[in-house]
Each structure stands twice: as structure tokens, then as C-alpha cells.
$ cat model-v9.csv   # CSV, C-alpha atoms and all ligand atoms
chain,number,residue,atom,x,y,z
E,593,MET,CA,7.1,32.6,-10.0
E,594,ASN,CA,6.6,31.0,-13.2
E,595,THR,CA,9.6,32.0,-15.2
E,596,LEU,CA,11.4,28.7,-14.7
E,597,ARG,CA,8.5,26.5,-15.7
E,598,ARG,CA,9.6,23.5,-17.7
E,599,ASP,CA,9.3,23.7,-21.4
E,600,ILE,CA,6.6,21.1,-22.1
E,601,THR,CA,8.5,19.7,-25.1
E,602,THR,CA,11.6,18.9,-22.9
E,603,ALA,CA,9.7,18.0,-19.8
E,604,ALA,CA,10.6,14.3,-20.0
E,605,SER,CA,14.3,14.9,-20.3
E,606,THR,CA,14.9,17.9,-18.1
E,607,PRO,CA,15.5,17.1,-14.5
E,608,ASN,CA,13.6,19.1,-11.9
E,609,LEU,CA,15.8,19.7,-8.9
E,610,LEU,CA,12.7,19.7,-6.6
E,611,ASP,CA,12.3,16.0,-7.3
E,612,LEU,CA,15.6,15.2,-5.5
E,613,ASP,CA,16.2,15.0,-1.8
E,614,ARG,CA,19.6,15.8,-0.4
E,615,ALA,CA,21.0,12.4,-1.2
E,616,GLY,CA,19.6,12.6,-4.7
E,617,LEU,CA,21.1,16.0,-5.3
E,618,ALA,CA,24.5,14.9,-4.0
E,619,GLN,CA,24.3,12.0,-6.5
E,620,PHE,CA,23.2,14.4,-9.3
E,621,PHE,CA,26.2,16.6,-8.7
E,622,LEU,CA,28.6,13.7,-8.4
E,623,GLU,CA,27.4,12.3,-11.7
E,624,ARG,CA,28.2,15.7,-13.3
E,625,GLY,CA,31.7,15.5,-12.0
E,626,ASP,CA,31.1,18.1,-9.3
E,627,LYS,CA,31.2,18.0,-5.5
E,628,THR,CA,28.5,16.6,-3.3
E,629,PHE,CA,28.4,19.8,-1.2
E,630,ARG,CA,26.7,21.5,-4.0
E,631,ALA,CA,23.6,19.7,-2.8
E,632,THR,CA,23.4,21.7,0.4
E,633,GLN,CA,24.4,24.9,-1.3
E,634,VAL,CA,21.5,24.5,-3.7
E,635,MET,CA,19.1,23.5,-1.0
E,636,LYS,CA,20.0,26.5,1.1
E,637,TRP,CA,19.1,28.7,-1.9
E,638,ILE,CA,15.9,27.0,-2.8
E,639,TYR,CA,14.4,26.2,0.6
E,640,GLY,CA,16.3,28.5,2.9
E,641,GLN,CA,16.3,31.6,0.8
E,642,GLY,CA,13.4,30.9,-1.5
E,643,VAL,CA,15.6,31.6,-4.5
E,644,VAL,CA,14.8,29.5,-7.6
E,645,ASP,CA,16.7,31.6,-10.2
E,646,PHE,CA,20.1,30.0,-10.8
E,647,ALA,CA,21.6,33.3,-11.8
E,648,ALA,CA,21.1,34.6,-8.2
E,649,MET,CA,22.9,31.6,-6.6
E,650,THR,CA,26.1,33.6,-6.3
E,651,ASN,CA,28.2,31.0,-4.5
E,652,LEU,CA,27.9,28.6,-7.4
E,653,GLY,CA,30.4,30.0,-9.9
E,654,LYS,CA,29.3,31.5,-13.2
E,655,ALA,CA,29.9,28.5,-15.4
E,656,LEU,CA,28.0,26.2,-13.1
E,657,ARG,CA,25.1,28.6,-12.9
E,658,ALA,CA,24.9,28.9,-16.6
E,659,ASP,CA,25.2,25.1,-17.0
E,660,LEU,CA,22.4,24.5,-14.6
E,661,GLN,CA,20.2,27.1,-16.2
E,662,ASP,CA,20.6,25.2,-19.5
E,663,SER,CA,20.2,21.7,-18.3
E,664,VAL,CA,17.8,21.5,-15.3
E,665,THR,CA,14.8,23.3,-13.9
E,666,ILE,CA,13.3,24.3,-10.6
E,667,ASP,CA,9.8,23.7,-11.5
E,668,LEU,CA,7.0,25.5,-9.6
E,669,PRO,CA,3.3,25.4,-10.2
E,670,GLU,CA,1.3,28.4,-11.3
E,671,VAL,CA,-0.8,29.9,-8.6
E,672,VAL,CA,-4.2,30.2,-10.2
E,673,ALA,CA,-6.1,31.3,-7.1
E,674,ASP,CA,-5.1,32.4,-3.6
E,675,GLN,CA,-8.1,32.8,-1.3
E,676,VAL,CA,-8.2,33.8,2.3
E,677,SER,CA,-11.0,32.6,4.6
E,678,ASP,CA,-12.8,34.7,7.2
E,679,ASP,CA,-11.0,32.7,9.8
E,680,GLY,CA,-7.6,33.3,8.3
E,681,SER,CA,-7.2,30.0,6.6
E,682,ARG,CA,-5.7,30.3,3.1
E,683,LYS,CA,-6.1,28.1,0.1
E,684,TRP,CA,-4.0,28.0,-3.1
E,685,LEU,CA,-5.2,26.5,-6.3
E,686,LEU,CA,-2.1,25.4,-8.2
E,687,ARG,CA,-1.9,24.5,-11.9
E,688,LEU,CA,0.7,21.8,-12.7
E,689,ASP,CA,2.6,21.5,-15.9
E,690,ASP,CA,0.1,19.2,-17.5
E,691,GLY,CA,-2.9,21.5,-16.7
E,692,ASN,CA,-4.1,19.5,-13.7
E,693,CYS,CA,-4.9,21.6,-10.6
E,694,ILE,CA,-4.4,20.8,-7.0
E,695,GLU,CA,-5.1,22.6,-3.7
E,696,THR,CA,-3.0,23.4,-0.7
E,697,VAL,CA,-4.4,24.9,2.5
E,698,PHE,CA,-2.8,26.8,5.3
E,699,ILE,CA,-4.5,26.8,8.7
E,700,PRO,CA,-3.1,29.3,11.3
E,701,GLU,CA,-3.7,28.8,15.0
E,702,ALA,CA,-2.4,30.5,18.1
E,703,GLU,CA,0.4,28.1,18.7
E,704,ARG,CA,1.1,26.8,15.2
E,705,GLY,CA,0.5,27.1,11.5
E,706,THR,CA,-0.4,23.9,9.7
E,707,LEU,CA,-0.1,23.3,5.9
E,708,CYS,CA,-2.3,20.7,4.4
E,709,VAL,CA,-0.6,19.2,1.4
E,710,SER,CA,-2.0,17.1,-1.5
E,711,SER,CA,-0.3,13.9,-2.6
E,712,GLN,CA,-2.3,12.9,-5.8
E,713,VAL,CA,-4.4,14.5,-8.4
E,714,GLY,CA,-7.7,13.2,-7.2
E,715,CYS,CA,-8.0,9.9,-5.4
E,716,MET,CA,-8.9,6.3,-6.2
E,717,LEU,CA,-10.2,5.2,-2.8
E,718,ASN,CA,-13.8,6.3,-3.3
E,719,CYS,CA,-14.7,7.1,0.3
E,720,SER,CA,-18.4,7.8,0.3
E,721,PHE,CA,-18.2,11.0,2.3
E,722,CYS,CA,-15.3,12.7,0.5
E,723,SER,CA,-15.7,15.2,-2.3
E,724,THR,CA,-12.3,14.3,-3.8
E,725,ALA,CA,-13.5,10.8,-4.4
E,726,GLN,CA,-16.4,12.1,-6.4
E,727,GLN,CA,-14.0,13.4,-9.0
E,728,GLY,CA,-12.0,10.1,-9.4
E,729,PHE,CA,-8.3,9.7,-9.9
E,730,ASN,CA,-5.9,11.2,-12.4
E,731,ARG,CA,-2.3,10.6,-11.3
E,732,ASN,CA,0.3,10.7,-8.6
E,733,LEU,CA,2.1,13.9,-7.8
E,734,THR,CA,5.9,14.0,-8.3
E,735,THR,CA,8.1,14.7,-5.3
E,736,GLY,CA,8.7,18.1,-6.8
E,737,GLU,CA,5.0,18.8,-7.0
E,738,ILE,CA,4.5,17.8,-3.4
E,739,ILE,CA,7.4,19.9,-2.0
E,740,ALA,CA,6.6,22.8,-4.3
E,741,GLN,CA,3.3,23.2,-2.3
E,742,VAL,CA,5.3,23.9,0.8
E,743,TRP,CA,7.6,26.2,-1.1
E,744,VAL,CA,4.7,28.2,-2.6
E,745,ALA,CA,2.9,28.5,0.7
E,746,ALA,CA,6.1,29.5,2.6
E,747,HIS,CA,6.9,32.0,-0.1
E,748,ALA,CA,3.4,33.5,-0.1
E,749,LEU,CA,3.3,33.6,3.7
E,750,GLY,CA,6.7,35.3,3.8
E,751,SER,CA,8.1,32.5,6.0
E,752,ARG,CA,11.7,31.3,6.1
E,753,ALA,CA,13.0,27.9,6.7
E,754,ASP,CA,14.5,29.1,10.0
E,755,ASP,CA,11.3,30.6,11.2
E,756,ASN,CA,9.0,27.8,12.2
E,757,ARG,CA,6.3,29.9,13.6
E,758,VAL,CA,4.6,30.4,10.2
E,759,ILE,CA,4.5,26.9,8.8
E,760,SER,CA,5.3,24.8,11.9
E,761,ASN,CA,3.4,21.7,10.9
E,762,VAL,CA,2.7,19.8,7.7
E,763,VAL,CA,-0.2,17.3,7.3
E,764,MET,CA,-0.3,15.0,4.3
E,765,MET,CA,-4.1,15.3,4.4
E,766,GLY,CA,-5.0,17.1,1.2
E,767,MET,CA,-6.2,15.4,-1.9
E,768,GLY,CA,-5.2,11.8,-2.5
E,769,GLU,CA,-4.0,8.8,-0.6
E,770,PRO,CA,-0.3,9.5,0.3
E,771,LEU,CA,0.6,5.8,0.9
E,772,LEU,CA,-0.5,5.0,-2.7
E,773,ASN,CA,2.2,7.4,-3.9
E,774,TYR,CA,4.7,6.1,-1.5
E,775,GLU,CA,8.1,6.8,-2.9
E,776,ASN,CA,7.4,10.4,-3.9
E,777,VAL,CA,5.7,11.2,-0.6
E,778,VAL,CA,8.5,9.8,1.5
E,779,ARG,CA,11.1,11.7,-0.6
E,780,ALA,CA,9.1,14.9,-0.2
E,781,MET,CA,8.8,14.3,3.6
E,782,ARG,CA,12.6,13.9,3.8
E,783,ILE,CA,13.0,17.3,2.2
E,784,MET,CA,10.5,18.8,4.7
E,785,GLN,CA,12.6,17.3,7.5
E,786,ASP,CA,16.0,18.2,6.2
E,787,ASP,CA,17.8,21.0,8.0
E,788,TYR,CA,18.6,22.3,4.5
E,789,GLY,CA,15.0,21.8,3.5
E,790,PHE,CA,12.2,23.0,5.7
E,791,GLY,CA,13.7,21.7,8.9
E,792,LEU,CA,10.5,20.3,10.4
E,793,SER,CA,10.8,17.6,13.0
E,794,LYS,CA,9.2,14.2,12.3
E,795,ARG,CA,6.7,14.9,15.0
E,796,ARG,CA,5.5,17.9,13.1
E,797,ILE,CA,4.8,16.1,9.9
E,798,THR,CA,1.6,14.0,9.9
E,799,LEU,CA,0.7,11.5,7.2
E,800,SER,CA,-3.0,10.7,7.1
E,801,THR,CA,-4.0,7.4,5.5
E,802,ALA,CA,-7.2,5.5,4.9
E,803,GLY,CA,-5.2,2.4,5.9
E,804,ILE,CA,-2.9,0.8,3.4
E,805,VAL,CA,-1.6,-1.7,5.9
E,806,PRO,CA,1.6,-2.9,4.2
E,807,ALA,CA,2.7,0.7,3.5
E,808,ILE,CA,2.1,1.7,7.1
E,809,ARG,CA,4.5,-1.1,8.1
E,810,GLN,CA,7.0,0.0,5.5
E,811,LEU,CA,6.7,3.7,6.5
E,812,ARG,CA,7.8,2.9,10.0
E,813,GLU,CA,11.2,1.7,8.5
E,814,ASP,CA,11.6,4.5,6.1
E,815,CYS,CA,10.3,7.7,7.6
E,816,ASP,CA,8.4,7.4,10.9
E,817,VAL,CA,6.5,10.6,10.9
E,818,SER,CA,3.3,11.1,13.0
E,819,LEU,CA,0.5,8.8,11.8
E,820,ALA,CA,-3.2,9.6,11.4
E,821,VAL,CA,-5.6,7.0,10.2
E,822,SER,CA,-9.1,7.7,8.8
E,823,LEU,CA,-11.1,5.2,10.8
E,824,HIS,CA,-14.6,6.7,10.7
E,825,ALA,CA,-16.4,3.5,11.8
E,826,PRO,CA,-16.0,1.1,14.7
E,827,ASN,CA,-16.9,-2.1,12.8
E,828,ASP,CA,-16.1,-3.6,9.4
E,829,ALA,CA,-19.7,-3.6,8.1
E,830,LEU,CA,-20.0,0.1,8.4
E,831,ARG,CA,-16.4,0.9,7.5
E,832,ASP,CA,-16.7,-1.2,4.3
E,833,GLU,CA,-19.4,1.2,3.3
E,834,LEU,CA,-17.6,4.4,4.2
E,835,VAL,CA,-14.0,3.5,3.3
E,836,PRO,CA,-14.2,0.7,0.7
E,837,LEU,CA,-10.5,0.1,1.2
E,838,ASN,CA,-11.6,-1.6,4.4
E,839,ARG,CA,-12.6,-4.7,2.4
E,840,LYS,CA,-8.9,-5.2,1.6
E,841,TYR,CA,-7.5,-4.2,5.0
E,842,PRO,CA,-10.1,-4.7,7.7
E,843,ILE,CA,-10.0,-2.9,11.1
E,844,SER,CA,-8.3,-5.6,13.1
E,845,GLU,CA,-5.3,-5.7,10.6
E,846,LEU,CA,-5.2,-1.9,10.5
E,847,LEU,CA,-5.2,-1.5,14.3
E,848,ALA,CA,-2.4,-4.1,14.6
E,849,ALA,CA,-0.3,-2.2,12.1
E,850,CYS,CA,-1.0,1.0,14.0
E,851,LYS,CA,0.1,-0.5,17.3
E,852,ASP,CA,3.3,-1.7,15.8
E,853,TYR,CA,3.9,1.7,14.2
E,854,VAL,CA,4.0,3.6,17.5
E,855,GLY,CA,5.6,0.7,19.4
E,856,GLU,CA,6.1,1.0,23.1
E,857,GLY,CA,7.0,4.7,23.3
E,858,ARG,CA,4.8,7.6,24.2
E,859,ARG,CA,3.5,8.2,20.7
E,860,ARG,CA,-0.1,7.8,19.7
E,861,VAL,CA,-1.9,7.3,16.4
E,862,THR,CA,-4.5,9.8,15.6
E,863,PHE,CA,-7.8,8.3,14.5
E,864,GLU,CA,-9.9,10.5,12.4
E,865,TYR,CA,-13.6,10.0,12.7
E,866,VAL,CA,-15.9,12.1,10.6
E,867,MET,CA,-19.3,12.6,12.3
E,868,LEU,CA,-22.1,11.7,10.0
E,869,ALA,CA,-25.6,12.2,11.3
E,870,GLY,CA,-27.5,8.9,11.9
E,871,VAL,CA,-24.7,6.9,10.3
E,872,ASN,CA,-21.8,6.5,12.7
E,873,ASP,CA,-22.6,8.8,15.6
E,874,SER,CA,-24.8,6.9,18.0
E,875,ASP,CA,-24.0,6.0,21.6
E,876,ALA,CA,-23.6,2.4,20.5
E,877,HIS,CA,-21.0,3.4,17.9
E,878,ALA,CA,-19.1,5.3,20.6
E,879,ARG,CA,-19.1,2.3,22.9
E,880,GLU,CA,-18.0,0.0,20.1
E,881,LEU,CA,-15.2,2.5,19.2
E,882,ILE,CA,-14.0,2.5,22.8
E,883,ARG,CA,-13.8,-1.3,22.9
E,884,ARG,CA,-12.0,-1.4,19.5
E,885,LEU,CA,-9.4,1.1,20.6
E,886,GLU,CA,-8.6,-0.7,23.9
E,887,GLY,CA,-4.8,-1.3,24.0
E,888,VAL,CA,-4.1,0.9,21.0
E,889,PRO,CA,-2.2,4.1,21.8
E,890,ALA,CA,-4.8,6.3,20.3
E,891,LYS,CA,-6.0,9.8,20.0
E,892,VAL,CA,-9.4,10.3,18.4
E,893,ASN,CA,-10.1,13.3,16.3
E,894,LEU,CA,-13.8,13.9,15.7
E,895,ILE,CA,-14.4,15.8,12.5
E,896,PRO,CA,-17.7,17.5,11.8
E,897,PHE,CA,-18.7,16.4,8.3
E,898,ASN,CA,-18.2,19.1,5.7
E,899,PRO,CA,-20.9,18.9,3.1
E,900,PHE,CA,-20.4,19.3,-0.6
E,901,PRO,CA,-22.8,19.3,-3.6
E,902,ASN,CA,-24.7,16.0,-4.2
E,903,THR,CA,-23.7,14.3,-0.9
E,904,CYS,CA,-26.2,12.1,0.8
E,905,TYR,CA,-24.7,12.8,4.3
E,906,GLU,CA,-25.4,15.4,6.9
E,907,ARG,CA,-23.2,16.7,9.7
E,908,SER,CA,-24.0,15.4,13.2
E,909,SER,CA,-25.7,17.9,15.5
E,910,LYS,CA,-23.6,19.8,18.0
E,911,SER,CA,-25.3,18.0,20.9
E,912,ARG,CA,-24.7,14.6,19.3
E,913,LEU,CA,-21.1,15.4,18.7
E,914,ASP,CA,-20.7,16.6,22.3
E,915,ARG,CA,-22.4,13.4,23.6
E,916,PHE,CA,-20.1,11.2,21.5
E,917,PHE,CA,-17.1,13.2,22.7
E,918,ASP,CA,-18.2,12.8,26.3
E,919,LEU,CA,-18.6,9.1,26.1
E,920,LEU,CA,-15.1,8.7,24.6
E,921,ASN,CA,-13.6,11.1,27.0
E,922,ARG,CA,-15.1,9.5,30.1
E,923,ALA,CA,-13.9,6.1,29.0
E,924,GLY,CA,-10.3,7.6,29.0
E,925,VAL,CA,-9.9,7.9,25.2
E,926,VAL,CA,-8.0,11.0,24.4
E,927,THR,CA,-10.4,12.9,22.1
E,928,ILE,CA,-10.4,16.2,20.4
E,929,THR,CA,-13.0,17.8,18.2
E,930,ARG,CA,-11.6,19.3,15.0
E,931,LYS,CA,-12.7,22.9,14.5
E,932,THR,CA,-14.0,23.4,11.0
E,933,ARG,CA,-11.8,25.8,9.3
E,934,GLY,CA,-11.9,27.5,5.9
E,935,ASP,CA,-15.3,26.1,4.9
E,936,ASP,CA,-16.3,29.5,3.4
E,937,ILE,CA,-13.6,29.0,0.7
E,938,ASP,CA,-14.2,25.2,0.4
E,939,ALA,CA,-10.9,24.5,2.1
E,940,ALA,CA,-12.2,22.3,4.8
E,941,CYS,CA,-11.5,18.5,5.1
E,942,GLY,CA,-13.1,16.7,2.2
E,943,GLN,CA,-13.9,19.8,0.3
E,944,LEU,CA,-10.7,19.9,-1.7
E,945,ALA,CA,-11.4,19.2,-5.3
E,946,GLY,CA,-9.0,20.8,-7.7
E,947,ARG,CA,-9.9,20.5,-11.3
E,948,PHE,CA,-8.7,17.6,-13.4
E,949,ARG,CA,-9.6,14.9,-15.8
E,950,ASP,CA,-10.6,11.6,-14.2
E,951,ARG,CA,-8.4,9.0,-15.9
E,952,THR,CA,-10.3,6.2,-14.4
E,953,ARG,CA,-13.5,7.2,-16.1
E,954,ARG,CA,-15.4,5.6,-13.3
E,955,ARG,CA,-17.5,8.7,-12.9
E,956,SER,CA,-17.5,10.1,-16.3
E,957,HIS,CA,-21.1,11.2,-15.9
E,958,ARG,CA,-20.0,13.7,-13.4
E,959,LEU,CA,-17.2,15.2,-15.4
E,960,GLY,CA,-19.0,18.0,-17.1
E,961,GLU,CA,-19.0,20.3,-14.1
E,962,HIS,CA,-15.3,20.0,-13.6
E,963,GLN,CA,-13.9,20.4,-17.0
E,964,GLY,CA,-13.4,24.2,-16.9
E,965,THR,CA,-9.6,24.4,-16.6
E,966,GLN,CA,-8.4,21.2,-18.0
E,967,ALA,CA,-5.3,21.0,-20.2
M,1,LIG,N1,-6.5,9.7,1.9
M,1,LIG,C1,-6.0,10.2,3.2
M,1,LIG,C2,-5.9,11.7,3.2
M,1,LIG,C3,-6.9,12.5,2.6
M,1,LIG,S1,-8.4,12.8,3.6
M,1,LIG,C4,-7.0,9.7,4.3
M,1,LIG,O1,-7.9,9.0,4.0
M,1,LIG,O2,-6.7,9.9,5.5
M,1,LIG,C5,-8.0,13.8,4.9
M,1,LIG,C6,-9.1,13.7,6.0
M,1,LIG,O3,-10.3,14.4,5.7
M,1,LIG,C7,-9.5,12.3,6.3
M,1,LIG,O4,-9.6,12.0,7.7
M,1,LIG,C8,-10.8,12.2,5.7
M,1,LIG,O5,-11.5,11.2,6.1
M,1,LIG,C9,-11.4,13.6,6.0
M,1,LIG,N2,-12.6,13.9,5.2
M,1,LIG,C10,-12.8,13.6,3.9
M,1,LIG,N3,-14.0,14.1,3.5
M,1,LIG,C11,-14.5,14.8,4.5
M,1,LIG,C12,-15.7,15.5,4.7
M,1,LIG,N4,-16.6,15.7,3.7
M,1,LIG,N5,-15.9,16.2,5.9
M,1,LIG,C13,-15.0,16.0,6.9
M,1,LIG,N6,-13.8,15.3,6.8
M,1,LIG,C14,-13.6,14.7,5.6

$ encode --input "model-v9.csv" --output "C-alpha cells" --more "lines below"
Ligand code: SAH
Amino acid sequence: MNTLRRDITTAASTPNLLDLDRAGLAQFFLERGDKTFRATQVMKWIYGQGVVDFAAMTNLGKALRADLQDSVTIDLPEVVADQVSDDGSRKWLLRLDDGNCIETVFIPEAERGTLCVSSQVGCMLNCSFCSTAQQGFNRNLTTGEIIAQVWVAAHALGSRADDNRVISNVVMMGMGEPLLNYENVVRAMRIMQDDYGFGLSKRRITLSTAGIVPAIRQLREDCDVSLAVSLHAPNDALRDELVPLNRKYPISELLAACKDYVGEGRRRVTFEYVMLAGVNDSDAHARELIRRLEGVPAKVNLIPFNPFPNTCYERSSKSRLDRFFDLLNRAGVVTITRKTRGDDIDAACGQLAGRFRDRTRRRSHRLGEHQGTQA
């Protein structure tokens, strides 16, 4: 898997073909004086067949293969750990070229298989209930590093691009805020959708955001995949505390952008709501949430809080969660409760941590415990 890793010394100058979507690849071949159809030929090998060795791309002609071998890479991360949960969820710890590590999680269900993909090394949003936030932010992932997560999982699961029973859905819900790495995430989602990429329909790709309002509006123009929004509170005072980004983009602006995103059709925005005991889970919070979501095509996803070391929060009790669910449901709000998956291998929501150096240094006092595998 690792034979084609980029030589560190040439990393800056050696193009990685995974960074390019179909249009980018076509341009790349044109600039080399070749034909644009090479783009789909190469994509079929990489994503359709799972072949990343140029020598094996037999319809490319010997000279071209040798030339590609010398001048470009298909850069895959190293799989450092591959863990399977008791419930069948699977988590890969992947080491990137610069030594940073990220995590990708596969969640199999009866009717579908969902891959949870990371968009950044760490996160700068500092949501108070999320373990990724505790580690701070290092950098954006490249397009290649995002799409490679799908490639590695598909490869490990033995799935093929034309077999959408294995990875049928992708959620941009791993580490990081995808809309703060906009260009690379959109390009990667284009490759996920491309018939010569992973062939997933827009509906089956979900981007989860804490609510970067201008980027939500832009996304509608560029790549209108399914949208999930981490709401977690029905009023600004509480949301300011849980999701500090709310101070910049308060709930009213966020909900207006969500309404515009789905427009008049039948689509809905999924609102994620992590259930924190005694914080956001009372009957009054439920009623306030119902009022806030009036007129918004919404689906609410209640997420039992997943604890992590040093957190000050606790998961709401089952009876509290059921009561909250009932109140929403009876008010006609489409509501589901997310089943906690993979928590025995720390693969559940908010437990993804990876290992990396916090470039922001905001939380340098915490770094000691995470320095094990740094570059
Ligand atoms: N930055 C994006 C995507 C990453 S978070 C976003 O905010 O949506 C993915 C989801 O996991 C979000 O809904 C997030 O709120 C939720 N989450 C984070 N920490 C959690 C925890 N400890 N327990 C349960 N869900 C959590």
C-alpha cells in the first residue's frame, strides 16, 4: 500500500494524482501534450479497480506509464491501525506524509454502509463537548488525503466502485470542520460523485458543519450534497457556549441559510443535537427547539453524548432522551435517535482524535498525552 508514497524531499514538486478531480486530471494530461481521455482511463484504474501502480495500468502505453512513474505519485497514507468494533464498525488510523495521523470510520448497517471521513487534522472550532477540539488544530487535509480515506476503506473492505452495497454513503463528519477546508473538500466530494470515481449520488454524501453560513450558501452553488448542521442548542446563549462559532453566525442566520439551501423541494436539513445531561435536554429545550425549527425543512438527529477523558459533560439518561424524542415527534418534527456505534474502539462521534501537533498552541498544556506518534 505504501510503495508509492511520496519522497519527502520532492513532496512539494511532485503532483499527487489524488489531488485532482476529473477536470483537473484532464487539464493535467492536456498540459503534458496528451489527450483528455487519459483522465477517465486513470480514474478507472485508481477508483474503479483500486490499482495505484502505474506499471499495471496496461491501457496506457509503456512510455506514458514510465513517464508517470517518474513524474507523479498516487499518494496513499500508511494504515497504522485497523480496528474492528464489537458491533462491526471499523476504524482506521492513517499516518500522513508529514507524520500527522487522522481517523476514518466505517459503520455497517442492514441497508447501507456509511464511511465517516475527516477533513482536517484537528479542528479550530473548539466545541466544548468534542474531543477533537481538545487537541486543537494542525492543518487542512489535501483533496488527495480526503479521497484517499475512501480509497483505503474501499480497498480494505474489498468493495468496488460499482458495488455500492459496501460503502453506500459518505459523511463528512470525522475530524475537522469541512467548510473551513472548502476547496479541497468540494473537490474530494466531486471525485466521490464521479461515475469514474466512487459513483455516489449527491444524496448519499452528507456534509456536516457547525454552521459557517457564507460557505453553506456557496456550497449550494458548487456541490449541493446533503447537509447536516450541528445545532445542539435551541437558543444563542446556550449555543454560544457549546459551539463558539455561534457568536459569529447566530442561529437565526444559520437557519435562514439552511432554508435557502434546501429550497422548496422535498429535501431536509439534518440537525444534529448531542444530548448533554442537564445542559440542553430539558422539556423546555425541546419546546424551544420545536419553535425554532418551525418552517425549516428539518430532520433532527439526537446523538447520545459520547464521553472522553477530562470532559465535564455526561450523557442524558435513556428516559430523558426518550422524553425529548417524544416531545419533538408529537410536535411533528421528524426525529431519529442516532445509535452509538463503535464506542468500544473510540470510533463514535466526537471520539476521533488522531495524533498530531497542535499548531495553534492554544492547548499546549494538554499536548503531552498526544505526542506519541508525531513526526
Ligand atoms: N465540524 C463538523 C463535523 C465534525 S463533528 C460539525 O460540527 O458538524 C461530527 C458530529 O459529531 C457533530 O454533530 C458533532 O457535534 C458530533 N459530536 C462531537 N462530539 C461529540 C460527542 N462527544 N458525542 C457525540 N457527538 C459528538

$ residues_around --input "model-v9.csv" --residues "stretch 731-747 of chain E" --least-positions-apart "4" --cutoff "6 Å" --atoms "only C-alpha atoms" --output "PyMOL selection string"
chain E and resi 610-611+668+711-713+751+776+780

$ residues_near_point --input "model-v9.csv" --point "(20.4, 13.8, -3.2)" --cutoff "12 Å" --atoms "all atoms listed in the file" --output "PyMOL selection string"
chain E and resi 609-623+627-635+779-780+782-783+786+788-789

$ residues_near_point --input "model-v9.csv" --point "(-9.0, 19.3, 2.9)" --cutoff "12 Å" --atoms "all atoms listed in the file" --output "CSV table (one decimal) with C-alpha atoms, keeping the file's coordinate frame"
chain,number,residue,atom,x,y,z
E,681,SER,CA,-7.2,30.0,6.6
E,682,ARG,CA,-5.7,30.3,3.1
E,683,LYS,CA,-6.1,28.1,0.1
E,684,TRP,CA,-4.0,28.0,-3.1
E,694,ILE,CA,-4.4,20.8,-7.0
E,695,GLU,CA,-5.1,22.6,-3.7
E,696,THR,CA,-3.0,23.4,-0.7
E,697,VAL,CA,-4.4,24.9,2.5
E,698,PHE,CA,-2.8,26.8,5.3
E,699,ILE,CA,-4.5,26.8,8.7
E,706,THR,CA,-0.4,23.9,9.7
E,707,LEU,CA,-0.1,23.3,5.9
E,708,CYS,CA,-2.3,20.7,4.4
E,709,VAL,CA,-0.6,19.2,1.4
E,710,SER,CA,-2.0,17.1,-1.5
E,711,SER,CA,-0.3,13.9,-2.6
E,714,GLY,CA,-7.7,13.2,-7.2
E,722,CYS,CA,-15.3,12.7,0.5
E,723,SER,CA,-15.7,15.2,-2.3
E,724,THR,CA,-12.3,14.3,-3.8
E,763,VAL,CA,-0.2,17.3,7.3
E,764,MET,CA,-0.3,15.0,4.3
E,765,MET,CA,-4.1,15.3,4.4
E,766,GLY,CA,-5.0,17.1,1.2
E,767,MET,CA,-6.2,15.4,-1.9
E,768,GLY,CA,-5.2,11.8,-2.5
E,800,SER,CA,-3.0,10.7,7.1
E,895,ILE,CA,-14.4,15.8,12.5
E,897,PHE,CA,-18.7,16.4,8.3
E,898,ASN,CA,-18.2,19.1,5.7
E,899,PRO,CA,-20.9,18.9,3.1
E,900,PHE,CA,-20.4,19.3,-0.6
E,932,THR,CA,-14.0,23.4,11.0
E,933,ARG,CA,-11.8,25.8,9.3
E,934,GLY,CA,-11.9,27.5,5.9
E,935,ASP,CA,-15.3,26.1,4.9
E,937,ILE,CA,-13.6,29.0,0.7
E,938,ASP,CA,-14.2,25.2,0.4
E,939,ALA,CA,-10.9,24.5,2.1
E,940,ALA,CA,-12.2,22.3,4.8
E,941,CYS,CA,-11.5,18.5,5.1
E,942,GLY,CA,-13.1,16.7,2.2
E,943,GLN,CA,-13.9,19.8,0.3
E,944,LEU,CA,-10.7,19.9,-1.7
E,945,ALA,CA,-11.4,19.2,-5.3
E,946,GLY,CA,-9.0,20.8,-7.7

$ closest_residue --input "model-v9.csv" --among "E:Val861, E:Leu913, E:Met784, E:Val925" --to "E:Glu886" --atoms "only C-alpha atoms"
E:Val925

$ closest_residue --input "model-v9.csv" --among "E:Asp875, E:Asp690, E:Asp816, E:Glu906" --to "ligand LIG 1 (chain M)" --atoms "only C-alpha atoms and all ligand atoms"
E:Glu906

$ residues_around --input "model-v9.csv" --residues "E:Leu656" --least-positions-apart "2" --cutoff "12 Å" --atoms "only C-alpha atoms" --output "PyMOL selection string"
chain E and resi 621+624-627+630+634+646-654+658-664

$ closest_residue --input "model-v9.csv" --among "E:Thr801, E:Asn902, E:Asn773, E:Gln810" --to "ligand LIG 1 (chain M)" --atoms "all atoms listed in the file"
E:Thr801
